[in-house]
Each structure stands twice: as C-alpha cells, then as structure tokens.
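J.: My questions will all concern the structure given below.
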Amino acid sequence: MKAATAVIDCRALRHNLQRVRHLAPQSRVVAVVKANAYGHGLLDAAHSLQDADCYGVARLSEALALRAGGVVKPIILLEGFFSPEDLPQVVAHGLDTAVHSVEQLIALEQATLCKPLNVWMKLDTGMHRLGVHPAEAEAFYQRLCACPNVQQPVNIMSHFARADEPDCEATPNQLRAFLQFSQGKPGLKSIAASGGVLLWPDAHLDLVRPGIVLYGVSPLDVEDAAHFGLKPAMTLTSSLIAVRSHAAGEPVGYGGTWRSERETRLGVIAMGYGDGYPRSAPSGTPVLINGRIVPIVGRVSMDMISVDLGPGAHDVVGDEVIFWGEGLPVEQVSAATGISQYELITQLTSRVARVYVGE
C-alpha cells in the first residue's frame with residue numbers, strides 16, 4: 001500500500017512535446033522546466049524532453065542543476081541573472097540570459113568576461129512585469145548591440161499577459177507592439193508560451209516556450225488538455241487507509257464542517273496538506289476511486305483526507321485513489337477548488353514520492 005505518490009509518465013511528456021511541434025512546425029521549442037519542471041522533477045523531465053531544442057528556467061540554480069545532470073543543450077535564464085556576481089557562472093556554463101532592466105544592462109557593460117553572452121532583450125509589450133518599455137527600447141537595444149560582452153545578434157523576447165483568453169484583444173495588441181519593434185532586427189524572436197502555442201499561431205515566430213502544456217495541462221479555463229490532444233504526465237495517487245461506517249447526521253474531521261445527510265461509508269486517504277494538497281479544498285472536491293468520482297468531505301488535514309464512498313460502497317483498505325491525472329483532469333480539480341492548475345501541480349512537497357514510467 002502506497003502513500004502520496006506522483007506517477008510521472010515520460011511517454012506523455014514526449015507525446016506533448018510532439019504535439020507542440022505539430023502546432024508550431026516552423027518554430028524551435030524551448031522546453032520550460034522551471035519550478036522543478038512544474039512539479040514533475042527537473043532532471044527526469046528534462047531528460048524525457050531531450051528532443052526539445054533548448055530549455056527555459058527561472059533561476060540560475062535550476063540551470064546549474066541541469067548542467068550538473070548532464071544537460072548540454074542551450075538553457076535560457078528567462079528572468080536573467082540577479083546579480084553581477086552571477087555573470088561568471090552564466091558564462092562558464094554557456095547559458096543564455098534574458099536582459100530586462102537597466103541594472104542588468106549596466107552590469108553587462110561593466111563586466112570583464114572571458115567571452116560574450118547570448119542574450120535575449122526582454123521587451124515589455126503589455127505584461128508590465130519585466131521588460132524594457134517600448135519608448136526606451138531602441139536605445140536599450142543599441143547599447144546591447146554595442147556591448148562587447150554581448151554576442152551578436154541580440155535576440156528579442158516578450159511575454160503575453162492574456163494569451164489564455166481566445167477573444168481578448170490584449171494579445172493581438174502585444175503581438176503588434178512586439179513585431180513593430182523587432183521588425184528588421186536580425187536576432188531570434190520569441191513571444192509565445194503555452195497559451196500562445198495553442199491559440200495564437202501568428203505569434204509562434206522563431207521560438208515557442210511551452211511550459212504547462214508539456215505536462216499535459218491546459219492553461220485555459222474553457223478547455224482541458226485533452227481538447228488539444230495533450231496527455232496528463234502526472235497522476236497523483238495514494239491509498240485508502242481506512243473504510244468506516246458513518247451514521248446520518250454525524251460530522252467528520254476538524255471543525256465538523258460537513259455532516260452526512262445519510263448513513264454511508266467513509267474512506268480515509270493518506271494524503272493531506274503536508275503533501276501539498278490544498279487545505280482549502282472544499283467538501284465536494286472530486287477524487288477517483290475504482291473508476292468512479294467520489295467527493296472529499298470535511299476539512300483536508302495535514303496527513304489525511306476523508307471521502308464519502310456512498311452507502312453501498314465495496315471499496316477496501318489499500319485501494320488506489322487518484323487525486324488528478326489519468327481519468328480525472330487536474331483542470332477539473334482546479335474548477336472545484338478555485339485553485340489554479342499551475343499551483344496544484346507545482347506545490348507538491350518533498351514527502352510525495354515520484355515514480356517514473358515509460359522512460
């Protein structure tokens with residue numbers, strides 16, 4: 001009998017990468033493996049996605065872990081370097097870096113490096129989080145072009161704010177701003193992440209940067225991953241550790257927040273917020289047991305979750321429980337809990353075992 005386990009299907013990862021290539025056949029693919037590959041395990045996921053053209057990460061530490069694990073393909077620091085002291089490691093490990101601020105630009109201009117870096121100037125086209133304002137972009141770009149520590153040509157990237165909304169005008173507006181600035185400039189261009197890959201083919205350009213879609217999860221609220229031919233790579237499972245008769249009118253769990261309206265049978269599962277399952281998941285949140293959906297009842301505790309198996313249930317201790325994955329899309333759990341699918345899959349704790357299949 002197993003406790004909290006994330007079963008990672010490496011075949012699904014490879015399938016999803018091929019789906020991205022099918023959707024963006026003229027573009028190179030940056031496999032985004034930040035945040036421990038969205039909870040799937042950084043090195044194992046990266047090796048399963050080895051047919052990608054390069055990798056994208058958010059932190060220097062993630063890039064260094066990839067290099068230590070034998071990854072030799074290009075790696076892009078999507079947030080750039082955080083300190084001038086990082087630059088020697090960026091050079092030594094052959095990393096690409098975003099450059100989104102004047103502080104980073106000055107650090108590059110003042111550094112003494114053994115060889116120039118491949119950089120991606122990040123343009124703020126409307127996300128207003130990182131990036132160079134369009135009014136300052138040309139001067140910034142020219143300084144990068146003149147900097148001896150920058151390998152030429154300078155590449156240009158941006159990021160959509162609302163690409164997961166198919167009818168939103170913000171995305172075409174951002175794309176127009178990006179193309180207006182980048183037109184005629186010789187470097188590579190990239191603006192599309194997962195939502196852009198699925199919905200905005202005109203934005204695919206030289207490189208696409210899929211993240212959550214590689215793991216078989218849709219970034220959209222209106223369509224799940226199966227609609228796009230994607231397969232869930234993670235199935236989060238555990239086991240029933242108790243099956244109990246439960247009287248009508250009786251509560252279960254801390255605070256007595258749920259009471260049964262009938263005599264029933266309850267199952268207790270070895271999973272809780274200590275494993276990263278959200279404590280705020282309400283009664284009624286679905287789980288899958290023996291091929292049928294049953295609801296969570298009462299509060300999620302640190303190590304256990306109770307479910308209403310139903311009056312005639314024949315489930316027994318040791319039966320597998322699926323919290324999301326094959327048979328129960330994480331998008332459905334997101335809708336039930338009000339918690340983003342991104343957050344659900346990335347917040348699993350170290351107590352959750354990861355088992356890889358289909359390697």
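For the structure tokens, the naming scheme is as follows: chains receive sequential letters (A, B, ...) according to their order of presentation, residues are indexed from 1 within each chain, and ligands are indexed from 1 in presentation order.
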Using only C-alpha atoms, which residues sit within 12 Å of A:Leu328 once same-chain residues fewer than 6 positions away are excluded, as JSON, numbers by chain?
T.: {"A": [217, 224, 225, 226, 231, 232, 234, 235, 236, 237, 285, 286, 287, 288, 289, 291, 292, 293, 294, 321, 322, 334, 335, 336]}
J.: Those residues with C-alpha atoms, as an mmCIF file, in the first residue's frame please?
T.:
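Contents of the output file selection_29.cif:
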data_model
loop_
_atom_site.group_PDB
_atom_site.id
_atom_site.type_symbol
_atom_site.label_atom_id
_atom_site.label_comp_id
_atom_site.auth_asym_id
_atom_site.auth_seq_id
_atom_site.Cartn_x
_atom_site.Cartn_y
_atom_site.Cartn_z
ATOM 1 C CA VAL A 217 -2.325 20.524 -18.548
ATOM 2 C CA ASP A 224 -8.995 20.923 -20.840
ATOM 3 C CA ALA A 225 -5.796 19.449 -22.226
ATOM 4 C CA ALA A 226 -7.488 16.549 -23.998
ATOM 5 C CA LYS A 231 -1.912 13.741 -22.247
ATOM 6 C CA PRO A 232 -1.521 14.267 -18.479
ATOM 7 C CA MET A 234 1.332 13.365 -13.673
ATOM 8 C CA THR A 235 -1.129 11.134 -11.869
ATOM 9 C CA LEU A 236 -1.253 12.000 -8.162
ATOM 10 C CA THR A 237 -2.253 8.937 -6.180
ATOM 11 C CA THR A 285 -13.893 18.267 -4.477
ATOM 12 C CA PRO A 286 -13.664 15.142 -6.673
ATOM 13 C CA VAL A 287 -11.291 12.206 -6.350
ATOM 14 C CA LEU A 288 -11.324 8.979 -8.343
ATOM 15 C CA ILE A 289 -11.621 5.586 -6.656
ATOM 16 C CA GLY A 291 -13.321 4.154 -11.641
ATOM 17 C CA ARG A 292 -15.873 6.467 -10.041
ATOM 18 C CA ILE A 293 -15.817 10.026 -8.752
ATOM 19 C CA VAL A 294 -16.415 10.480 -5.028
ATOM 20 C CA VAL A 321 -7.091 6.844 -5.020
ATOM 21 C CA ILE A 322 -6.401 9.277 -7.859
ATOM 22 C CA SER A 334 -8.925 23.411 -10.250
ATOM 23 C CA ALA A 335 -12.529 24.275 -11.108
ATOM 24 C CA ALA A 336 -13.790 22.591 -7.930
#
J.: So that I can see what lies close to A:Arg265, please list as a list in words the residues with an atom at most 10 Å from it, counting only C-alpha atoms and leaving out residues fewer than 5 positions away in the same chain.
T.: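 Here the qualifying residues turn out to be Val243, Arg244, Ser245, His246, Ala247, Ser260, Val307, Asp308, Leu309, Gly310, Pro311, Gly312, Ala313, His314 and Asp315 of chain A.
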J.: Write out, as a CSV table (one decimal), in the first residue's frame, the residues just selected, with N, CA, C and O atoms.
T.:
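Output file part.csv is given in full below:
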chain,number,residue,atom,x,y,z
A,243,VAL,N,-11.7,2.3,5.9
A,243,VAL,CA,-13.0,2.4,5.4
A,243,VAL,C,-14.0,2.2,6.6
A,243,VAL,O,-13.8,1.2,7.3
A,244,ARG,N,-14.9,3.2,6.8
A,244,ARG,CA,-15.7,3.2,8.1
A,244,ARG,C,-17.1,3.4,7.8
A,244,ARG,O,-17.5,4.1,6.9
A,245,SER,N,-18.0,2.8,8.6
A,245,SER,CA,-19.4,3.1,8.6
A,245,SER,C,-19.6,4.4,9.2
A,245,SER,O,-18.9,4.8,10.2
A,246,HIS,N,-20.6,5.2,8.7
A,246,HIS,CA,-20.8,6.6,9.2
A,246,HIS,C,-22.3,6.8,9.3
A,246,HIS,O,-23.0,6.6,8.3
A,247,ALA,N,-22.7,7.3,10.5
A,247,ALA,CA,-24.1,7.5,10.7
A,247,ALA,C,-24.6,8.8,10.2
A,247,ALA,O,-23.9,9.8,10.1
A,260,SER,N,-23.0,14.2,7.4
A,260,SER,CA,-23.6,13.3,6.4
A,260,SER,C,-25.2,13.4,6.5
A,260,SER,O,-25.7,13.4,7.6
A,307,VAL,N,-13.3,10.9,2.4
A,307,VAL,CA,-14.2,11.0,1.2
A,307,VAL,C,-15.5,10.2,1.5
A,307,VAL,O,-15.5,9.2,2.3
A,308,ASP,N,-16.6,10.6,0.9
A,308,ASP,CA,-17.8,9.8,1.0
A,308,ASP,C,-17.9,8.8,-0.1
A,308,ASP,O,-18.1,9.1,-1.2
A,309,LEU,N,-17.7,7.5,0.3
A,309,LEU,CA,-17.7,6.4,-0.7
A,309,LEU,C,-19.1,6.0,-1.1
A,309,LEU,O,-19.3,5.4,-2.1
A,310,GLY,N,-20.1,6.4,-0.3
A,310,GLY,CA,-21.5,6.0,-0.6
A,310,GLY,C,-22.0,4.8,0.2
A,310,GLY,O,-21.2,4.0,0.7
A,311,PRO,N,-23.3,4.7,0.4
A,311,PRO,CA,-23.8,3.7,1.3
A,311,PRO,C,-23.5,2.2,0.9
A,311,PRO,O,-23.3,1.4,1.7
A,312,GLY,N,-23.5,2.0,-0.4
A,312,GLY,CA,-23.2,0.6,-0.8
A,312,GLY,C,-21.8,0.3,-1.3
A,312,GLY,O,-21.6,-0.7,-2.0
A,313,ALA,N,-20.9,1.1,-0.9
A,313,ALA,CA,-19.5,1.0,-1.4
A,313,ALA,C,-18.9,-0.3,-1.0
A,313,ALA,O,-19.1,-0.8,0.1
A,314,HIS,N,-18.1,-0.8,-1.9
A,314,HIS,CA,-17.3,-2.0,-1.6
A,314,HIS,C,-15.8,-1.8,-1.7
A,314,HIS,O,-15.0,-2.7,-1.7
A,315,ASP,N,-15.4,-0.5,-1.6
A,315,ASP,CA,-14.0,-0.2,-1.6
A,315,ASP,C,-13.4,-0.7,-0.3
A,315,ASP,O,-14.0,-0.8,0.8
J.: Atom CA of A:His128 and atom CA of A:Ala37, how far apart in Å?
T.: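 Going from atom CA of A:Ala37 over to atom CA of A:His128, I get 25.0 Å.
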J.: As an exercise, work out the distance from atom CA of A:Val197 to atom CA of A:Arg11 in Å and give it to one decimal place.
T.: 20.5 Å
J.: Enumerate, in order of chain and increasing residue number, the residues of stretch 108-155 of chain A with an atom no farther than 9 Å from stretch 182-194 of chain A, each with its shortest atom pair and distance in Å to one decimal, counting only C-alpha atoms, as a tab-separated table.
T.:
residue	atom	partner	partner_atom	distance
A:Trp120	CA	A:Leu188	CA	8.5
A:Gln152	CA	A:Gly187	CA	7.8
A:Pro153	CA	A:Gly187	CA	5.0
A:Val154	CA	A:Gly187	CA	5.2
A:Asn155	CA	A:Gly187	CA	4.3
J.: Going by DSSP on the backbone, which bits of stretch 159-347 of chain A are helix (DSSP H, G or I)? Write them as a count of residues only, please.
T.: 50
J.: So which residues touch A:Asp51 within 12 Å, counting only C-alpha atoms, skipping near sequence neighbours fewer than 3 positions away, as a PDB file with N, CA and C atoms, in the first residue's frame?
T.:
ATOM      1  N   LEU A  13       5.068  13.017 -21.595  1.00  0.00           N
ATOM      2  CA  LEU A  13       5.916  14.192 -21.816  1.00  0.00           C
ATOM      3  C   LEU A  13       6.402  14.246 -23.260  1.00  0.00           C
ATOM      4  N   ARG A  14       6.877  13.113 -23.759  1.00  0.00           N
ATOM      5  CA  ARG A  14       7.364  13.086 -25.141  1.00  0.00           C
ATOM      6  C   ARG A  14       6.229  13.334 -26.135  1.00  0.00           C
ATOM      7  N   HIS A  15       5.068  12.761 -25.860  1.00  0.00           N
ATOM      8  CA  HIS A  15       3.902  12.990 -26.725  1.00  0.00           C
ATOM      9  C   HIS A  15       3.537  14.471 -26.760  1.00  0.00           C
ATOM     10  N   ASN A  16       3.513  15.110 -25.607  1.00  0.00           N
ATOM     11  CA  ASN A  16       3.112  16.515 -25.555  1.00  0.00           C
ATOM     12  C   ASN A  16       4.111  17.409 -26.284  1.00  0.00           C
ATOM     13  N   LEU A  17       5.388  17.071 -26.190  1.00  0.00           N
ATOM     14  CA  LEU A  17       6.392  17.815 -26.950  1.00  0.00           C
ATOM     15  C   LEU A  17       6.132  17.691 -28.449  1.00  0.00           C
ATOM     16  N   GLN A  18       5.781  16.503 -28.889  1.00  0.00           N
ATOM     17  CA  GLN A  18       5.481  16.332 -30.316  1.00  0.00           C
ATOM     18  C   GLN A  18       4.216  17.072 -30.720  1.00  0.00           C
ATOM     19  N   VAL A  20       3.308  19.924 -29.467  1.00  0.00           N
ATOM     20  CA  VAL A  20       3.751  21.307 -29.622  1.00  0.00           C
ATOM     21  C   VAL A  20       4.434  21.489 -30.977  1.00  0.00           C
ATOM     22  N   ARG A  21       5.269  20.546 -31.345  1.00  0.00           N
ATOM     23  CA  ARG A  21       5.930  20.644 -32.660  1.00  0.00           C
ATOM     24  C   ARG A  21       4.908  20.609 -33.793  1.00  0.00           C
ATOM     25  N   ARG A  28      11.405  26.620 -33.305  1.00  0.00           N
ATOM     26  CA  ARG A  28      12.161  25.828 -32.342  1.00  0.00           C
ATOM     27  C   ARG A  28      11.393  25.805 -31.018  1.00  0.00           C
ATOM     28  N   VAL A  29      11.655  24.785 -30.222  1.00  0.00           N
ATOM     29  CA  VAL A  29      10.899  24.605 -28.981  1.00  0.00           C
ATOM     30  C   VAL A  29      11.822  24.742 -27.777  1.00  0.00           C
ATOM     31  N   VAL A  30      11.475  25.674 -26.893  1.00  0.00           N
ATOM     32  CA  VAL A  30      12.131  25.828 -25.600  1.00  0.00           C
ATOM     33  C   VAL A  30      11.267  25.097 -24.565  1.00  0.00           C
ATOM     34  N   ALA A  31      11.743  23.994 -24.035  1.00  0.00           N
ATOM     35  CA  ALA A  31      11.002  23.265 -23.010  1.00  0.00           C
ATOM     36  C   ALA A  31      11.220  23.956 -21.667  1.00  0.00           C
ATOM     37  N   ALA A  45      12.366  15.094 -15.979  1.00  0.00           N
ATOM     38  CA  ALA A  45      11.554  15.703 -17.030  1.00  0.00           C
ATOM     39  C   ALA A  45      12.421  16.221 -18.161  1.00  0.00           C
ATOM     40  N   ALA A  46      13.538  16.868 -17.813  1.00  0.00           N
ATOM     41  CA  ALA A  46      14.424  17.396 -18.851  1.00  0.00           C
ATOM     42  C   ALA A  46      14.952  16.283 -19.744  1.00  0.00           C
ATOM     43  N   HIS A  47      15.323  15.159 -19.152  1.00  0.00           N
ATOM     44  CA  HIS A  47      15.822  14.044 -19.962  1.00  0.00           C
ATOM     45  C   HIS A  47      14.714  13.450 -20.832  1.00  0.00           C
ATOM     46  N   SER A  48      13.492  13.435 -20.316  1.00  0.00           N
ATOM     47  CA  SER A  48      12.378  12.948 -21.137  1.00  0.00           C
ATOM     48  C   SER A  48      12.076  13.895 -22.290  1.00  0.00           C
ATOM     49  N   CYS A  54      15.973  23.523 -26.757  1.00  0.00           N
ATOM     50  CA  CYS A  54      16.665  24.089 -25.600  1.00  0.00           C
ATOM     51  C   CYS A  54      15.706  24.094 -24.424  1.00  0.00           C
ATOM     52  N   TYR A  55      16.191  24.585 -23.285  1.00  0.00           N
ATOM     53  CA  TYR A  55      15.401  24.580 -22.061  1.00  0.00           C
ATOM     54  C   TYR A  55      15.272  25.999 -21.517  1.00  0.00           C
ATOM     55  N   VAL A  71      22.860  17.838 -18.875  1.00  0.00           N
ATOM     56  CA  VAL A  71      22.177  18.531 -19.974  1.00  0.00           C
ATOM     57  C   VAL A  71      23.163  19.480 -20.651  1.00  0.00           C
ATOM     58  N   LYS A  73      22.367  20.950 -23.905  1.00  0.00           N
ATOM     59  CA  LYS A  73      21.675  21.845 -24.836  1.00  0.00           C
ATOM     60  C   LYS A  73      21.575  23.250 -24.251  1.00  0.00           C
TER      61      LYS A  73
END
J.: Just want the 7 Å neighbourhood of A:Met271, counted on only C-alpha atoms, with same-chain residues fewer than 3 positions away dropped. Output as a PyMOL selection string.
T.: chain A and resi 4+238+275+303-305
J.: Near A:Ser239, counting only C-alpha atoms, which residues have an atom at most 10 Å away, once you skip same-chain residues fewer than 3 positions from it, shown as a CSV table (one decimal) with all heavy atoms, in the first residue's frame?
T.:
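File produced: part.csv:
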chain,number,residue,atom,x,y,z
A,1,MET,N,0.9,-1.2,0.0
A,1,MET,CA,0.0,0.0,0.0
A,1,MET,C,0.9,1.2,0.0
A,1,MET,O,1.8,1.4,0.8
A,1,MET,CB,-0.9,0.0,1.2
A,1,MET,CG,-1.9,1.2,1.3
A,1,MET,SD,-3.2,0.9,2.5
A,1,MET,CE,-2.3,0.6,4.0
A,2,LYS,N,0.6,2.1,-0.9
A,2,LYS,CA,1.5,3.3,-1.1
A,2,LYS,C,0.8,4.6,-0.5
A,2,LYS,O,-0.5,4.7,-0.6
A,2,LYS,CB,1.9,3.5,-2.5
A,2,LYS,CG,0.7,3.8,-3.4
A,2,LYS,CD,1.1,3.9,-4.9
A,2,LYS,CE,-0.1,4.1,-5.8
A,2,LYS,NZ,0.3,4.1,-7.2
A,3,ALA,N,1.6,5.5,0.0
A,3,ALA,CA,1.1,6.8,0.4
A,3,ALA,C,1.2,7.7,-0.8
A,3,ALA,O,1.3,7.3,-2.0
A,3,ALA,CB,1.9,7.3,1.6
A,4,ALA,N,1.2,9.0,-0.6
A,4,ALA,CA,1.2,10.0,-1.6
A,4,ALA,C,2.3,9.8,-2.6
A,4,ALA,O,3.5,9.8,-2.3
A,4,ALA,CB,1.3,11.4,-1.0
A,5,THR,N,1.9,9.6,-3.9
A,5,THR,CA,2.9,9.3,-5.0
A,5,THR,C,2.4,10.0,-6.2
A,5,THR,O,1.2,10.0,-6.6
A,5,THR,CB,2.9,7.8,-5.3
A,5,THR,OG1,3.3,7.1,-4.1
A,5,THR,CG2,3.9,7.5,-6.3
A,242,ALA,N,-8.3,3.5,5.6
A,242,ALA,CA,-9.4,3.1,6.5
A,242,ALA,C,-10.7,3.2,5.7
A,242,ALA,O,-10.9,4.1,4.9
A,242,ALA,CB,-9.5,3.9,7.7
A,267,GLY,N,-14.2,6.8,3.4
A,267,GLY,CA,-12.9,6.4,3.2
A,267,GLY,C,-11.9,7.4,3.7
A,267,GLY,O,-12.2,8.6,3.6
A,268,VAL,N,-10.8,7.0,4.3
A,268,VAL,CA,-9.8,7.9,4.8
A,268,VAL,C,-8.5,7.6,3.9
A,268,VAL,O,-8.1,6.4,3.8
A,268,VAL,CB,-9.5,7.7,6.3
A,268,VAL,CG1,-8.4,8.7,6.7
A,268,VAL,CG2,-10.8,7.9,7.1
A,269,ILE,N,-7.9,8.7,3.4
A,269,ILE,CA,-6.8,8.5,2.4
A,269,ILE,C,-5.6,9.1,3.0
A,269,ILE,O,-5.6,10.2,3.6
A,269,ILE,CB,-7.2,9.2,1.1
A,269,ILE,CG1,-8.6,8.8,0.6
A,269,ILE,CG2,-6.1,9.0,0.1
A,269,ILE,CD1,-9.2,9.7,-0.4
A,270,ALA,N,-4.4,8.5,2.7
A,270,ALA,CA,-3.1,9.0,3.2
A,270,ALA,C,-2.7,10.1,2.2
A,270,ALA,O,-1.9,9.9,1.3
A,270,ALA,CB,-2.1,7.9,3.2
A,271,MET,N,-3.2,11.3,2.4
A,271,MET,CA,-2.9,12.5,1.7
A,271,MET,C,-3.4,13.7,2.5
A,271,MET,O,-4.4,13.6,3.1
A,271,MET,CB,-3.6,12.5,0.3
A,271,MET,CG,-3.4,13.7,-0.5
A,271,MET,SD,-1.7,13.9,-1.3
A,271,MET,CE,-1.9,12.6,-2.6
A,289,ILE,N,-11.9,6.9,-7.3
A,289,ILE,CA,-11.6,5.6,-6.7
A,289,ILE,C,-12.3,4.5,-7.4
A,289,ILE,O,-13.6,4.6,-7.6
A,289,ILE,CB,-12.1,5.6,-5.2
A,289,ILE,CG1,-11.4,6.7,-4.4
A,289,ILE,CG2,-11.8,4.3,-4.5
A,289,ILE,CD1,-11.8,6.8,-3.0
A,316,VAL,N,-12.1,-1.1,-0.3
A,316,VAL,CA,-11.4,-1.7,0.8
A,316,VAL,C,-10.1,-1.0,1.0
A,316,VAL,O,-9.6,-0.3,0.2
A,316,VAL,CB,-11.2,-3.2,0.6
A,316,VAL,CG1,-12.5,-3.9,0.5
A,316,VAL,CG2,-10.3,-3.4,-0.6
A,317,VAL,N,-9.6,-1.1,2.2
A,317,VAL,CA,-8.3,-0.6,2.6
A,317,VAL,C,-7.2,-1.1,1.6
A,317,VAL,O,-7.2,-2.2,1.2
A,317,VAL,CB,-7.9,-1.0,4.0
A,317,VAL,CG1,-6.4,-0.7,4.3
A,317,VAL,CG2,-8.8,-0.3,5.0
A,318,GLY,N,-6.4,-0.1,1.1
A,318,GLY,CA,-5.4,-0.5,0.1
A,318,GLY,C,-5.8,-0.1,-1.3
A,318,GLY,O,-4.9,0.0,-2.2
A,319,ASP,N,-7.1,0.2,-1.6
A,319,ASP,CA,-7.4,0.6,-2.9
A,319,ASP,C,-6.8,1.9,-3.3
A,319,ASP,O,-6.6,2.8,-2.5
A,319,ASP,CB,-9.0,0.8,-3.0
A,319,ASP,CG,-9.7,-0.6,-3.1
A,319,ASP,OD1,-9.0,-1.6,-3.3
A,319,ASP,OD2,-10.9,-0.6,-3.1
A,320,GLU,N,-6.5,2.1,-4.6
A,320,GLU,CA,-5.8,3.3,-5.1
A,320,GLU,C,-6.8,4.4,-5.2
A,320,GLU,O,-8.0,4.2,-5.5
A,320,GLU,CB,-5.2,3.0,-6.4
A,320,GLU,CG,-4.4,4.2,-7.0
A,320,GLU,CD,-3.9,4.0,-8.4
A,320,GLU,OE1,-4.6,3.7,-9.3
A,320,GLU,OE2,-2.6,4.1,-8.5
A,321,VAL,N,-6.3,5.6,-4.9
A,321,VAL,CA,-7.1,6.8,-5.0
A,321,VAL,C,-6.3,7.8,-6.0
A,321,VAL,O,-5.1,8.0,-5.8
A,321,VAL,CB,-7.3,7.5,-3.7
A,321,VAL,CG1,-8.1,8.8,-3.8
A,321,VAL,CG2,-8.0,6.6,-2.7
A,322,ILE,N,-7.0,8.3,-6.9
A,322,ILE,CA,-6.4,9.3,-7.9
A,322,ILE,C,-6.9,10.7,-7.6
A,322,ILE,O,-8.2,10.9,-7.6
A,322,ILE,CB,-6.7,8.9,-9.3
A,322,ILE,CG1,-6.0,7.6,-9.6
A,322,ILE,CG2,-6.2,10.0,-10.3
A,322,ILE,CD1,-6.2,7.0,-11.0
J.: So that I can check the surroundings of stretch 95-97 of chain A, please list as a PDB file with C-alpha atoms, in the first residue's frame every protein, DNA and RNA residue that reaches within 6 Å of it, counting only C-alpha atoms and ignoring chain neighbours fewer than 4 positions away.
T.:
ATOM      1  CA  ILE A  75      19.445  26.882 -21.442  1.00  0.00           C
ATOM      2  CA  ILE A  76      17.751  30.286 -21.236  1.00  0.00           C
ATOM      3  CA  LEU A  77      17.522  32.168 -17.927  1.00  0.00           C
ATOM      4  CA  GLY A  80      18.002  36.812 -16.442  1.00  0.00           C
ATOM      5  CA  VAL A  90      26.469  32.220 -16.630  1.00  0.00           C
ATOM      6  CA  ASN A 118      23.996  35.108 -25.883  1.00  0.00           C
ATOM      7  CA  VAL A 119      21.279  37.466 -24.632  1.00  0.00           C
TER       8      VAL A 119
END
J.: From a DSSP calculation on the backbone, collect every residue of stretch 147-331 of chain A in strand (DSSP E) and output the set as a ChimeraX atom specification.
T.: /A:155-157,189-190,207-208,234-246,264-270,286-289,292-297,304-308,320-324
J.: Go ahead and dump the residues you just picked, C-alpha atoms, as a compact mmCIF listing (two decimals), in the first residue's frame.
T.:
# COMPACT_ATOMS: atom_id res chain seq x y z
CA ASN A 155 17.67 38.21 -29.62
CA ILE A 156 14.33 39.68 -28.57
CA MET A 157 11.59 38.19 -26.42
CA LYS A 189 12.31 36.39 -31.77
CA SER A 190 10.06 34.71 -29.19
CA LEU A 207 10.96 30.01 -30.81
CA VAL A 208 7.98 28.95 -28.72
CA MET A 234 1.33 13.37 -13.67
CA THR A 235 -1.13 11.13 -11.87
CA LEU A 236 -1.25 12.00 -8.16
CA THR A 237 -2.25 8.94 -6.18
CA SER A 238 -2.47 7.49 -2.70
CA SER A 239 -4.36 4.72 -0.92
CA LEU A 240 -7.32 4.17 1.33
CA ILE A 241 -6.02 3.51 4.83
CA ALA A 242 -9.44 3.09 6.47
CA VAL A 243 -13.04 2.40 5.43
CA ARG A 244 -15.66 3.18 8.08
CA SER A 245 -19.42 3.08 8.56
CA HIS A 246 -20.77 6.56 9.20
CA THR A 264 -22.86 5.97 4.38
CA ARG A 265 -19.33 4.66 4.25
CA LEU A 266 -16.36 6.96 4.52
CA GLY A 267 -12.87 6.37 3.23
CA VAL A 268 -9.77 7.89 4.78
CA ILE A 269 -6.84 8.51 2.43
CA ALA A 270 -3.14 9.00 3.16
CA PRO A 286 -13.66 15.14 -6.67
CA VAL A 287 -11.29 12.21 -6.35
CA LEU A 288 -11.32 8.98 -8.34
CA ILE A 289 -11.62 5.59 -6.66
CA ARG A 292 -15.87 6.47 -10.04
CA ILE A 293 -15.82 10.03 -8.75
CA VAL A 294 -16.42 10.48 -5.03
CA PRO A 295 -16.36 13.74 -3.04
CA ILE A 296 -13.98 14.93 -0.38
CA VAL A 297 -15.89 15.57 2.85
CA MET A 304 -5.40 12.59 5.80
CA ILE A 305 -8.43 13.32 3.66
CA SER A 306 -11.90 11.81 4.09
CA VAL A 307 -14.22 10.97 1.21
CA ASP A 308 -17.85 9.83 1.04
CA GLU A 320 -5.80 3.27 -5.05
CA VAL A 321 -7.09 6.84 -5.02
CA ILE A 322 -6.40 9.28 -7.86
CA PHE A 323 -6.43 12.98 -7.00
CA TRP A 324 -5.72 14.11 -10.53
J.: Using only C-alpha atoms, which residue out of A:Ala63, A:Asn149, A:Met302, A:Val72 lies closest to A:Arg279?
T.: A:Met302
J.: Excluding A:Arg19 and any residue of its chain fewer than 3 positions from it, enumerate the residues within 9 Å of it, using only C-alpha atoms, and give them as a ChimeraX atom specification.
T.: /A:14-16,22-24,214,228-230
J.: Rank A:Val352, A:Ala248, A:Ala52, A:Leu42 by their smallest atom-to-atom distance to A:Ala68, using only C-alpha atoms, and report the top residue only.
T.: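 Residue with the minimum atom-to-atom distance to A:Ala68: A:Leu42.
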J.: With only C-alpha atoms as the basis for distance, which of A:Glu136, A:Met121, A:Arg351, A:Arg209 is at the shortest distance from A:Asp53?
T.: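 Using only C-alpha atoms, the shortest distance to A:Asp53 belongs to A:Arg209.
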J.: When you count only C-alpha atoms, which of these residues is closest to A:Leu49: A:Gly284, A:Gly211, A:Gly298, A:Gly249?
T.: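 Ranking A:Gly284, A:Gly211, A:Gly298, A:Gly249 by distance to A:Leu49, first place goes to A:Gly211.
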J.: Would you please work out which residue, of A:Ser27, A:Thr125, A:Gln341, A:Gln151, is nearest to A:Ala170 when using only C-alpha atoms?
T.: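 Between A:Ser27, A:Thr125, A:Gln341, A:Gln151, the residue approaching A:Ala170 most closely is A:Thr125.
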